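One file, my_file35.txt, carrying compact mmCIF, C-alpha atoms:
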```
# COMPACT_ATOMS: atom_id res chain seq x y z
CA MET A 1 0.00 0.00 0.00
CA SER A 2 1.43 3.32 -1.00
CA ASN A 3 1.74 6.20 1.38
CA SER A 4 -0.41 9.24 0.94
CA ILE A 5 -0.07 12.99 1.09
CA ASP A 6 -3.03 14.80 2.64
CA PHE A 7 -3.40 17.93 0.54
CA TYR A 8 -5.49 20.57 2.32
CA PHE A 9 -6.57 23.45 0.13
CA ASP A 10 -9.09 26.27 -0.12
CA TYR A 11 -10.51 27.10 -3.54
CA SER A 12 -9.91 30.77 -2.82
CA SER A 13 -6.20 30.26 -2.16
CA PRO A 14 -3.78 31.28 -4.95
CA TYR A 15 -0.98 29.22 -3.40
CA GLY A 16 -3.39 26.29 -3.05
CA TYR A 17 -4.05 26.57 -6.77
CA LEU A 18 -0.35 26.74 -7.66
CA ALA A 19 0.44 23.73 -5.47
CA SER A 20 -2.54 21.77 -6.83
CA GLU A 21 -0.96 22.04 -10.27
CA ARG A 22 2.25 20.42 -9.01
CA ILE A 23 1.36 18.07 -6.16
CA GLU A 24 0.45 15.03 -8.27
CA GLU A 25 3.75 15.13 -10.12
CA VAL A 26 5.67 15.43 -6.85
CA ALA A 27 3.62 12.63 -5.25
CA ALA A 28 4.16 10.37 -8.29
CA ARG A 29 7.94 10.88 -8.07
CA LEU A 30 7.75 9.80 -4.43
CA GLY A 31 5.44 6.84 -5.07
CA HIS A 32 2.76 8.53 -2.96
CA THR A 33 -0.91 9.16 -3.61
CA VAL A 34 -2.70 12.48 -3.05
CA VAL A 35 -5.71 12.72 -0.75
CA TRP A 36 -7.59 15.90 -1.73
CA ARG A 37 -8.93 17.76 1.28
CA PRO A 38 -10.96 20.89 0.47
CA ILE A 39 -11.33 23.21 3.45
CA LEU A 40 -12.76 26.66 4.13
CA LEU A 41 -10.16 29.10 5.42
CA GLY A 42 -12.99 31.39 6.56
CA ALA A 43 -13.88 28.79 9.19
CA VAL A 44 -10.23 28.17 10.06
CA PHE A 45 -9.56 31.91 10.46
CA LYS A 46 -12.37 32.13 13.03
CA VAL A 47 -10.24 29.84 15.21
CA THR A 48 -6.86 31.42 14.44
CA GLY A 49 -7.93 35.06 14.27
CA GLN A 50 -6.11 35.48 10.96
CA ALA A 51 -7.29 37.68 8.09
CA PRO A 52 -6.98 37.02 4.37
CA LEU A 53 -3.38 37.44 3.24
CA THR A 54 -4.09 40.08 0.61
CA GLU A 55 -5.66 42.36 3.20
CA ALA A 56 -2.48 42.66 5.28
CA PRO A 57 -0.55 45.94 4.87
CA LEU A 58 2.72 45.48 2.93
CA LYS A 59 2.40 41.68 3.11
CA GLY A 60 -0.68 41.85 0.90
CA ASP A 61 1.17 43.85 -1.76
CA TYR A 62 4.01 41.34 -1.70
CA ALA A 63 1.57 38.44 -1.93
CA MET A 64 -0.20 39.92 -4.97
CA LYS A 65 3.14 40.33 -6.71
CA ASP A 66 4.29 36.89 -5.63
CA PHE A 67 1.18 35.02 -6.84
CA THR A 68 1.89 35.96 -10.44
CA ARG A 69 5.67 35.67 -10.07
CA SER A 70 5.44 32.15 -8.62
CA ALA A 71 2.89 31.22 -11.31
CA ARG A 72 5.29 32.43 -14.00
CA GLU A 73 8.14 30.43 -12.51
CA HIS A 74 6.13 27.23 -12.66
CA ARG A 75 4.42 28.11 -15.95
CA VAL A 76 0.95 28.01 -14.45
CA GLU A 77 -1.71 30.29 -15.97
CA TYR A 78 -2.71 32.88 -13.38
CA GLN A 79 -5.07 35.81 -13.53
CA HIS A 80 -5.98 37.27 -10.16
CA PRO A 81 -9.80 37.05 -9.93
CA ASP A 82 -11.90 40.21 -9.66
CA LYS A 83 -14.02 38.58 -6.95
CA PHE A 84 -11.52 37.64 -4.27
CA PRO A 85 -11.48 36.06 -1.76
CA ILE A 86 -14.51 33.80 -2.06
CA GLY A 87 -16.16 31.29 0.28
CA ALA A 88 -16.27 28.26 -1.99
CA VAL A 89 -18.78 26.23 0.02
CA ALA A 90 -20.62 24.60 -2.90
CA ALA A 91 -17.42 23.81 -4.80
CA SER A 92 -15.90 22.23 -1.68
CA ARG A 93 -19.02 20.17 -1.03
CA ALA A 94 -19.08 19.02 -4.65
CA THR A 95 -15.45 17.97 -4.34
CA LEU A 96 -16.15 15.90 -1.22
CA TRP A 97 -19.18 14.31 -2.85
CA LEU A 98 -16.93 13.16 -5.69
CA ARG A 99 -14.01 12.13 -3.51
CA ASP A 100 -16.13 10.02 -1.17
CA ASN A 101 -18.50 8.69 -3.81
CA CYS A 102 -19.50 5.03 -3.93
CA ASP A 103 -18.87 5.06 -7.65
CA PRO A 104 -15.15 4.49 -8.25
CA GLN A 105 -15.37 6.20 -11.65
CA LEU A 106 -16.61 9.38 -9.99
CA ARG A 107 -14.03 9.11 -7.22
CA ALA A 108 -11.35 8.90 -9.90
CA MET A 109 -12.52 12.25 -11.32
CA THR A 110 -11.77 14.18 -8.13
CA GLY A 111 -8.39 15.52 -9.19
CA ASP A 112 -9.59 16.54 -12.64
CA PHE A 113 -12.60 18.27 -11.12
CA ILE A 114 -10.39 20.22 -8.69
CA HIS A 115 -8.05 21.29 -11.50
CA ALA A 116 -10.99 22.36 -13.66
CA LEU A 117 -12.58 24.41 -10.86
CA TYR A 118 -9.31 26.02 -9.80
CA ARG A 119 -8.48 26.92 -13.42
CA ALA A 120 -12.00 28.28 -13.98
CA TYR A 121 -11.40 30.64 -11.04
CA PHE A 122 -7.71 31.55 -11.29
CA SER A 123 -7.20 31.37 -15.04
CA ALA A 124 -10.55 31.84 -16.80
CA GLY A 125 -11.92 34.42 -14.35
CA GLN A 126 -15.12 32.52 -13.63
CA ASP A 127 -17.03 32.85 -10.36
CA ILE A 128 -16.92 29.34 -8.91
CA THR A 129 -19.36 30.28 -6.16
CA ASP A 130 -22.00 30.39 -8.92
CA PRO A 131 -23.83 27.01 -9.08
CA THR A 132 -24.16 27.27 -12.87
CA VAL A 133 -20.37 27.57 -13.19
CA ILE A 134 -19.88 24.49 -10.99
CA ALA A 135 -22.48 22.63 -13.06
CA SER A 136 -20.77 23.61 -16.28
CA VAL A 137 -17.38 22.47 -14.96
CA ALA A 138 -18.95 19.14 -13.97
CA ASP A 139 -20.58 18.72 -17.36
CA SER A 140 -17.30 19.44 -19.13
CA LEU A 141 -15.92 16.36 -17.38
CA ALA A 142 -19.02 14.25 -18.08
CA ILE A 143 -19.98 14.36 -14.40
CA ASP A 144 -23.75 14.58 -14.22
CA SER A 145 -24.33 18.09 -12.91
CA GLN A 146 -27.95 17.51 -11.95
CA THR A 147 -27.02 14.65 -9.65
CA LEU A 148 -24.18 16.75 -8.25
CA GLN A 149 -26.42 19.73 -7.55
CA LEU A 150 -28.92 17.56 -5.71
CA ALA A 151 -26.17 15.83 -3.74
CA ILE A 152 -24.43 18.93 -2.40
CA VAL A 153 -27.51 20.22 -0.61
CA THR A 154 -28.01 16.97 1.30
CA GLN A 155 -27.24 16.99 5.01
CA ALA A 156 -24.71 14.19 4.52
CA VAL A 157 -22.55 16.26 2.18
CA LYS A 158 -22.96 19.42 4.27
CA ASP A 159 -21.82 17.43 7.31
CA ALA A 160 -18.91 15.99 5.35
CA LEU A 161 -17.49 19.46 4.71
CA ARG A 162 -18.04 20.59 8.28
CA ILE A 163 -16.25 17.48 9.55
CA GLU A 164 -13.45 17.93 7.00
CA VAL A 165 -12.81 21.47 8.26
CA GLU A 166 -12.97 20.43 11.92
CA GLN A 167 -10.57 17.58 11.25
CA ALA A 168 -8.20 19.95 9.46
CA ILE A 169 -8.17 22.35 12.41
CA ALA A 170 -7.62 19.42 14.77
CA ALA A 171 -4.65 18.39 12.61
CA GLY A 172 -3.21 21.90 13.02
CA VAL A 173 -4.01 23.22 9.55
CA PHE A 174 -4.11 27.02 9.52
CA GLY A 175 -3.38 27.86 5.88
CA SER A 176 -3.62 26.69 2.29
CA PRO A 177 -2.03 24.61 0.97
CA THR A 178 -0.97 22.35 3.82
CA MET A 179 0.49 18.96 3.06
CA ILE A 180 0.59 16.36 5.83
CA ILE A 181 2.52 13.12 5.48
CA LYS A 182 2.33 10.66 8.37
CA GLY A 183 1.57 13.53 10.74
CA GLU A 184 4.34 15.77 9.39
CA PRO A 185 2.92 19.11 8.21
CA PHE A 186 4.30 21.34 5.48
CA TRP A 187 2.58 24.66 4.95
CA GLY A 188 2.77 26.58 1.71
CA HIS A 189 3.32 26.22 -2.00
CA ASP A 190 6.93 27.17 -1.32
CA ARG A 191 7.43 24.09 0.86
CA LEU A 192 6.78 21.51 -1.85
CA GLU A 193 10.52 21.13 -2.45
CA GLN A 194 11.25 20.76 1.27
CA MET A 195 8.44 18.22 1.59
CA GLU A 196 9.90 16.24 -1.28
CA ARG A 197 13.37 16.29 0.28
CA TRP A 198 11.88 15.27 3.61
CA ILE A 199 10.02 12.28 2.18
CA SER A 200 12.78 11.10 -0.14
CA SER A 201 15.46 11.35 2.55
CA GLY A 202 13.34 9.64 5.19
CA GLY A 203 13.05 12.83 7.26
CA TRP A 204 15.53 14.68 9.44
CA MET B 1 30.92 46.08 -9.81
CA SER B 2 29.09 43.11 -8.40
CA ASN B 3 25.38 43.15 -7.67
CA SER B 4 24.18 43.03 -4.12
CA ILE B 5 21.50 41.31 -2.10
CA ASP B 6 19.89 43.47 0.58
CA PHE B 7 19.39 41.10 3.49
CA TYR B 8 16.85 42.48 6.00
CA PHE B 9 16.74 40.63 9.28
CA ASP B 10 15.63 40.93 12.88
CA TYR B 11 17.85 39.43 15.58
CA SER B 12 14.76 37.90 17.17
CA SER B 13 13.77 36.07 14.00
CA PRO B 14 14.51 32.31 13.85
CA TYR B 15 14.12 32.28 10.07
CA GLY B 16 16.38 35.34 9.87
CA TYR B 17 18.99 33.36 11.78
CA LEU B 18 18.66 30.29 9.56
CA ALA B 19 18.91 32.39 6.41
CA SER B 20 21.88 34.36 7.78
CA GLU B 21 23.79 31.09 8.00
CA ARG B 22 23.22 30.41 4.28
CA ILE B 23 22.95 33.76 2.49
CA GLU B 24 26.68 34.36 1.99
CA GLU B 25 27.18 30.98 0.34
CA VAL B 26 24.20 31.58 -1.96
CA ALA B 27 25.39 35.11 -2.77
CA ALA B 28 28.91 33.84 -3.51
CA ARG B 29 27.55 31.25 -5.94
CA LEU B 30 25.72 34.05 -7.73
CA GLY B 31 28.67 36.46 -7.69
CA HIS B 32 26.69 38.83 -5.47
CA THR B 33 27.59 40.60 -2.25
CA VAL B 34 25.42 40.74 0.87
CA VAL B 35 24.31 44.06 2.38
CA TRP B 36 23.33 43.35 5.98
CA ARG B 37 20.26 45.31 7.05
CA PRO B 38 19.23 44.84 10.69
CA ILE B 39 15.65 45.92 11.36
CA LEU B 40 13.21 45.84 14.27
CA LEU B 41 10.07 43.87 13.48
CA GLY B 42 8.40 45.46 16.50
CA ALA B 43 8.46 48.79 14.65
CA VAL B 44 7.41 47.15 11.38
CA PHE B 45 4.49 45.36 13.07
CA LYS B 46 3.16 48.72 14.31
CA VAL B 47 2.64 49.60 10.65
CA THR B 48 1.34 46.22 9.48
CA GLY B 49 -0.71 45.26 12.54
CA GLN B 50 0.97 41.85 12.65
CA ALA B 51 1.83 39.95 15.82
CA PRO B 52 4.83 37.72 16.49
CA LEU B 53 4.50 34.45 14.56
CA THR B 54 4.78 32.19 17.58
CA GLU B 55 1.79 33.87 19.23
CA ALA B 56 -0.63 32.90 16.42
CA PRO B 57 -2.97 29.98 17.21
CA LEU B 58 -2.04 26.79 15.28
CA LYS B 59 0.44 28.73 13.12
CA GLY B 60 2.61 29.35 16.17
CA ASP B 61 2.75 25.62 16.98
CA TYR B 62 3.70 24.85 13.41
CA ALA B 63 6.37 27.56 13.45
CA MET B 64 7.95 26.24 16.64
CA LYS B 65 8.16 22.77 15.12
CA ASP B 66 9.38 24.13 11.82
CA PHE B 67 12.22 26.25 13.28
CA THR B 68 13.97 23.15 14.60
CA ARG B 69 13.03 21.01 11.61
CA SER B 70 14.39 23.55 9.12
CA ALA B 71 17.51 23.97 11.26
CA ARG B 72 18.06 20.20 11.22
CA GLU B 73 17.67 20.09 7.45
CA HIS B 74 20.37 22.71 6.97
CA ARG B 75 22.53 21.45 9.85
CA VAL B 76 22.35 24.71 11.75
CA GLU B 77 22.51 24.55 15.54
CA TYR B 78 19.18 25.72 16.98
CA GLN B 79 17.89 25.96 20.52
CA HIS B 80 14.73 28.02 20.90
CA PRO B 81 15.61 30.80 23.38
CA ASP B 82 13.83 31.03 26.73
CA LYS B 83 13.47 34.79 26.31
CA PHE B 84 11.60 35.17 23.04
CA PRO B 85 10.86 37.35 21.18
CA ILE B 86 13.27 40.15 22.03
CA GLY B 87 13.67 43.74 20.87
CA ALA B 88 17.32 43.75 19.84
CA VAL B 89 17.82 47.50 19.68
CA ALA B 90 21.40 47.62 20.99
CA ALA B 91 22.54 44.65 18.88
CA SER B 92 21.03 46.22 15.77
CA ARG B 93 22.67 49.58 16.49
CA ALA B 94 26.00 47.89 17.06
CA THR B 95 25.64 46.11 13.73
CA LEU B 96 24.96 49.36 11.89
CA TRP B 97 27.87 51.05 13.62
CA LEU B 98 30.14 48.31 12.28
CA ARG B 99 28.59 48.14 8.82
CA ASP B 100 28.81 51.89 8.23
CA ASN B 101 32.12 52.38 10.00
CA CYS B 102 34.87 54.54 8.51
CA ASP B 103 37.37 51.82 9.36
CA PRO B 104 37.30 49.21 6.57
CA GLN B 105 38.64 46.55 8.95
CA LEU B 106 35.63 47.05 11.22
CA ARG B 107 33.23 47.15 8.27
CA ALA B 108 34.65 43.81 7.15
CA MET B 109 33.73 42.30 10.53
CA THR B 110 29.99 42.94 10.09
CA GLY B 111 29.07 39.46 8.87
CA ASP B 112 31.11 37.71 11.55
CA PHE B 113 29.59 39.93 14.23
CA ILE B 114 26.06 39.12 13.03
CA HIS B 115 26.79 35.38 12.99
CA ALA B 116 28.31 35.54 16.47
CA LEU B 117 25.33 37.45 17.91
CA TYR B 118 22.74 35.25 16.22
CA ARG B 119 24.52 32.09 17.41
CA ALA B 120 24.82 33.50 20.92
CA TYR B 121 21.05 33.91 20.98
CA PHE B 122 19.75 30.91 18.99
CA SER B 123 22.41 28.35 19.81
CA ALA B 124 24.14 29.30 23.08
CA GLY B 125 20.99 30.61 24.79
CA GLN B 126 22.49 34.00 25.65
CA ASP B 127 20.40 37.14 26.08
CA ILE B 128 21.66 39.44 23.35
CA THR B 129 19.65 42.37 24.71
CA ASP B 130 22.15 42.39 27.59
CA PRO B 131 24.94 44.94 26.88
CA THR B 132 27.54 42.74 28.57
CA VAL B 133 26.68 39.88 26.17
CA ILE B 134 27.05 42.21 23.19
CA ALA B 135 30.36 43.45 24.60
CA SER B 136 31.59 39.93 25.09
CA VAL B 137 30.64 38.96 21.52
CA ALA B 138 32.50 42.03 20.25
CA ASP B 139 35.59 41.22 22.33
CA SER B 140 35.59 37.63 21.04
CA LEU B 141 36.09 39.08 17.55
CA ALA B 142 38.70 41.62 18.71
CA ILE B 143 36.23 44.46 18.18
CA ASP B 144 36.84 47.02 20.93
CA SER B 145 33.71 46.69 23.05
CA GLN B 146 34.25 49.96 24.93
CA THR B 147 34.29 51.95 21.72
CA LEU B 148 31.26 50.01 20.52
CA GLN B 149 29.30 50.68 23.69
CA LEU B 150 30.01 54.40 23.51
CA ALA B 151 29.11 54.51 19.83
CA ILE B 152 25.72 52.86 20.04
CA VAL B 153 24.32 55.47 22.40
CA THR B 154 25.21 58.35 20.10
CA GLN B 155 22.40 60.11 18.28
CA ALA B 156 24.02 59.31 14.94
CA VAL B 157 23.79 55.56 15.49
CA LYS B 158 20.30 55.77 17.00
CA ASP B 159 19.21 57.71 13.93
CA ALA B 160 20.88 55.21 11.65
CA LEU B 161 18.70 52.39 13.00
CA ARG B 162 15.54 54.47 12.85
CA ILE B 163 16.29 55.38 9.24
CA GLU B 164 17.13 51.75 8.40
CA VAL B 165 13.75 50.61 9.70
CA GLU B 166 11.88 53.39 7.92
CA GLN B 167 13.69 52.61 4.70
CA ALA B 168 12.83 48.91 5.08
CA ILE B 169 9.13 49.69 5.51
CA ALA B 170 9.27 52.03 2.52
CA ALA B 171 10.79 49.16 0.53
CA GLY B 172 7.84 46.96 1.51
CA VAL B 173 9.63 44.80 4.09
CA PHE B 174 7.14 43.22 6.51
CA GLY B 175 8.99 40.15 7.76
CA SER B 176 12.39 38.60 8.44
CA PRO B 177 14.32 37.63 6.48
CA THR B 178 13.55 39.62 3.37
CA MET B 179 16.02 39.62 0.49
CA ILE B 180 15.74 42.37 -2.12
CA ILE B 181 17.71 42.24 -5.37
CA LYS B 182 17.32 45.17 -7.74
CA GLY B 183 13.92 45.93 -6.27
CA GLU B 184 12.73 42.30 -6.37
CA PRO B 185 11.68 41.11 -2.89
CA PHE B 186 11.83 37.56 -1.56
CA TRP B 187 10.41 36.96 1.88
CA GLY B 188 11.38 34.03 4.03
CA HIS B 189 14.13 31.54 4.68
CA ASP B 190 12.16 29.15 2.47
CA ARG B 191 12.55 31.49 -0.51
CA LEU B 192 16.34 31.34 -0.71
CA GLU B 193 16.14 28.65 -3.40
CA GLN B 194 13.59 30.59 -5.41
CA MET B 195 15.68 33.74 -5.09
CA GLU B 196 18.71 31.85 -6.36
CA ARG B 197 16.77 30.47 -9.33
CA TRP B 198 15.43 33.96 -10.03
CA ILE B 199 18.86 35.56 -10.07
CA SER B 200 20.65 32.80 -11.95
CA SER B 201 17.95 32.56 -14.63
CA GLY B 202 17.71 36.31 -15.08
CA GLY B 203 14.20 36.42 -13.63
CA TRP B 204 10.85 35.34 -15.02
```

Exercise: express the given structure as structure tokens:
Amino acid sequence: MSNSIDFYFDYSSPYGYLASERIEEVAARLGHTVVWRPILLGAVFKVTGQAPLTEAPLKGDYAMKDFTRSAREHRVEYQHPDKFPIGAVAASRATLWLRDNCDPQLRAMTGDFIHALYRAYFSAGQDITDPTVIASVADSLAIDSQTLQLAIVTQAVKDALRIEVEQAIAAGVFGSPTMIIKGEPFWGHDRLEQMERWISSGGW
Amino acid sequence: MSNSIDFYFDYSSPYGYLASERIEEVAARLGHTVVWRPILLGAVFKVTGQAPLTEAPLKGDYAMKDFTRSAREHRVEYQHPDKFPIGAVAASRATLWLRDNCDPQLRAMTGDFIHALYRAYFSAGQDITDPTVIASVADSLAIDSQTLQLAIVTQAVKDALRIEVEQAIAAGVFGSPTMIIKGEPFWGHDRLEQMERWISSGGW
């Protein structure tokens, strides 16, 4: 059984997006699988008292510059969205519905769905809080959007997201992306390389 | 004339310490020089509204774990100080007095003095806000500690630190370490590799 990397991300997180474009390649090199864990930083920030990065004086200006610079370095399309940040509740619920689906074919679509949603928001400038945008992303992947839209308003899927966020906070997650491997946390797109060195060297 | 890397750091910053142990080697590989720029994050935080990293819920726990983990990776001695954080006003003034000294032999000691002070604090557990500790570090490098102690209470040296901090804020510095190369800022010990790739590739 291969080891796994828990990949915690918020759909509103530029660094989550950048890391999502690279994590599978890194995991494959390491013989690891990726467990996608959508969270809501809004809920996390209520616990930590943090504010969105881009709202911080000086740090926010740096972050805005760094999003596009880091995207250029890794040749990822990036266009900072007009509507930012967002609370991507429906998108996160849809992701969990796919990830935890009984149908293995749907489960296998989780990564593609995440990439498509993230790119819709951070590259194509679409508002992924809009249910019609989520439906259209699903349809583009031949995921039945009507079934999806019915599923994400069920109590089971609502609970799944709430539990996912609570579990993330319990695991010490305070930002996006956070990668956890056998209890070892790495926070930030800029820690992918360190995480890879840590895994491949057996830790230090 | 070689290019330079402005290295902004606070003596109370664990990541500043870790980066200080590596920046000269990185700069040498790139054919760059290091300009040491001691700042006071306490003054910067008044502008940005930030709080010390280790005081943030969840994030602080991660940081404490990560200081020692990152130190182990880079084989830097690290012992989290009992008295933390500190406001290293005298140490920062002493550093500026050396860096901007008329005597080229003293100027050339700046890097060694910084390393000795940082190691005294983060490895030997000494309180570098204590003037006798600063004097003893100076003496260990054959820097006349009496002259130093007289110098750092002069208005000229006090002003030098105030101006250094103001200039850092004007340059957008909000954390330690921050490296700026030709106006391009890189924040964090974990950005040394990206900074190196940026310089050696000519930017992106």

Nearest to Ala63 (chain B) among A:Pro104, A:Pro185, A:Gly87, A:Gly49, with distances taken over all atoms listed in the file: which residue is it?
-> A:Pro185

Compile the residues of chain A that lie within 6 Å of chain B, evaluated using all atoms listed in the file, and express the compilation as a ChimeraX atom specification.
-> /A:48,57-58,172

All residues 12 Å or closer to Ile5 (chain A), all atoms listed in the file, same chain fewer than 5 positions away omitted, as a PyMOL selection string | chain A and resi 23-24+26-28+30-37+177-186+192+195-196+199

Identify which of the residues B:Ile128, B:Leu117, B:Leu98, B:Leu161 lies closest to Ile86 (chain B), counting only C-alpha atoms when measuring atom-to-atom distances.
-> B:Ile128

10 Å contact set for region 111-113 of chain B, only C-alpha atoms, chain neighbours under 6 positions out, as a PyMOL selection string | chain B and resi 20-21+24+34-36+91+94-95+98-99+119+134+137-138+140-141+143

Generate the coordinates of N, CA and C atoms for region 155-172 of chain A; report them as a CSV table (one decimal), in the frame of the given file.
```csv
chain,number,residue,atom,x,y,z
A,155,GLN,N,-27.9,16.8,3.7
A,155,GLN,CA,-27.2,17.0,5.0
A,155,GLN,C,-25.9,16.2,5.1
A,156,ALA,N,-25.9,15.0,4.5
A,156,ALA,CA,-24.7,14.2,4.5
A,156,ALA,C,-23.5,14.9,3.9
A,157,VAL,N,-23.7,15.6,2.8
A,157,VAL,CA,-22.6,16.3,2.2
A,157,VAL,C,-22.2,17.5,2.9
A,158,LYS,N,-23.2,18.2,3.4
A,158,LYS,CA,-23.0,19.4,4.3
A,158,LYS,C,-22.1,19.0,5.5
A,159,ASP,N,-22.6,17.9,6.1
A,159,ASP,CA,-21.8,17.4,7.3
A,159,ASP,C,-20.4,17.0,6.9
A,160,ALA,N,-20.2,16.5,5.8
A,160,ALA,CA,-18.9,16.0,5.4
A,160,ALA,C,-17.9,17.2,5.3
A,161,LEU,N,-18.4,18.3,4.8
A,161,LEU,CA,-17.5,19.5,4.7
A,161,LEU,C,-17.2,20.0,6.1
A,162,ARG,N,-18.2,20.1,6.9
A,162,ARG,CA,-18.0,20.6,8.3
A,162,ARG,C,-17.0,19.7,9.0
A,163,ILE,N,-17.2,18.4,8.9
A,163,ILE,CA,-16.2,17.5,9.6
A,163,ILE,C,-14.8,17.6,9.0
A,164,GLU,N,-14.8,17.8,7.7
A,164,GLU,CA,-13.4,17.9,7.0
A,164,GLU,C,-12.7,19.2,7.6
A,165,VAL,N,-13.4,20.3,7.7
A,165,VAL,CA,-12.8,21.5,8.3
A,165,VAL,C,-12.4,21.3,9.7
A,166,GLU,N,-13.3,20.7,10.5
A,166,GLU,CA,-13.0,20.4,11.9
A,166,GLU,C,-11.7,19.5,12.1
A,167,GLN,N,-11.7,18.5,11.2
A,167,GLN,CA,-10.6,17.6,11.2
A,167,GLN,C,-9.3,18.3,10.9
A,168,ALA,N,-9.4,19.2,9.9
A,168,ALA,CA,-8.2,20.0,9.5
A,168,ALA,C,-7.7,20.8,10.6
A,169,ILE,N,-8.6,21.5,11.3
A,169,ILE,CA,-8.2,22.4,12.4
A,169,ILE,C,-7.5,21.5,13.5
A,170,ALA,N,-8.2,20.3,13.8
A,170,ALA,CA,-7.6,19.4,14.8
A,170,ALA,C,-6.2,18.9,14.4
A,171,ALA,N,-6.0,18.8,13.1
A,171,ALA,CA,-4.6,18.4,12.6
A,171,ALA,C,-3.7,19.6,12.6
A,172,GLY,N,-4.1,20.8,13.0
A,172,GLY,CA,-3.2,21.9,13.0
A,172,GLY,C,-3.1,22.7,11.7
```
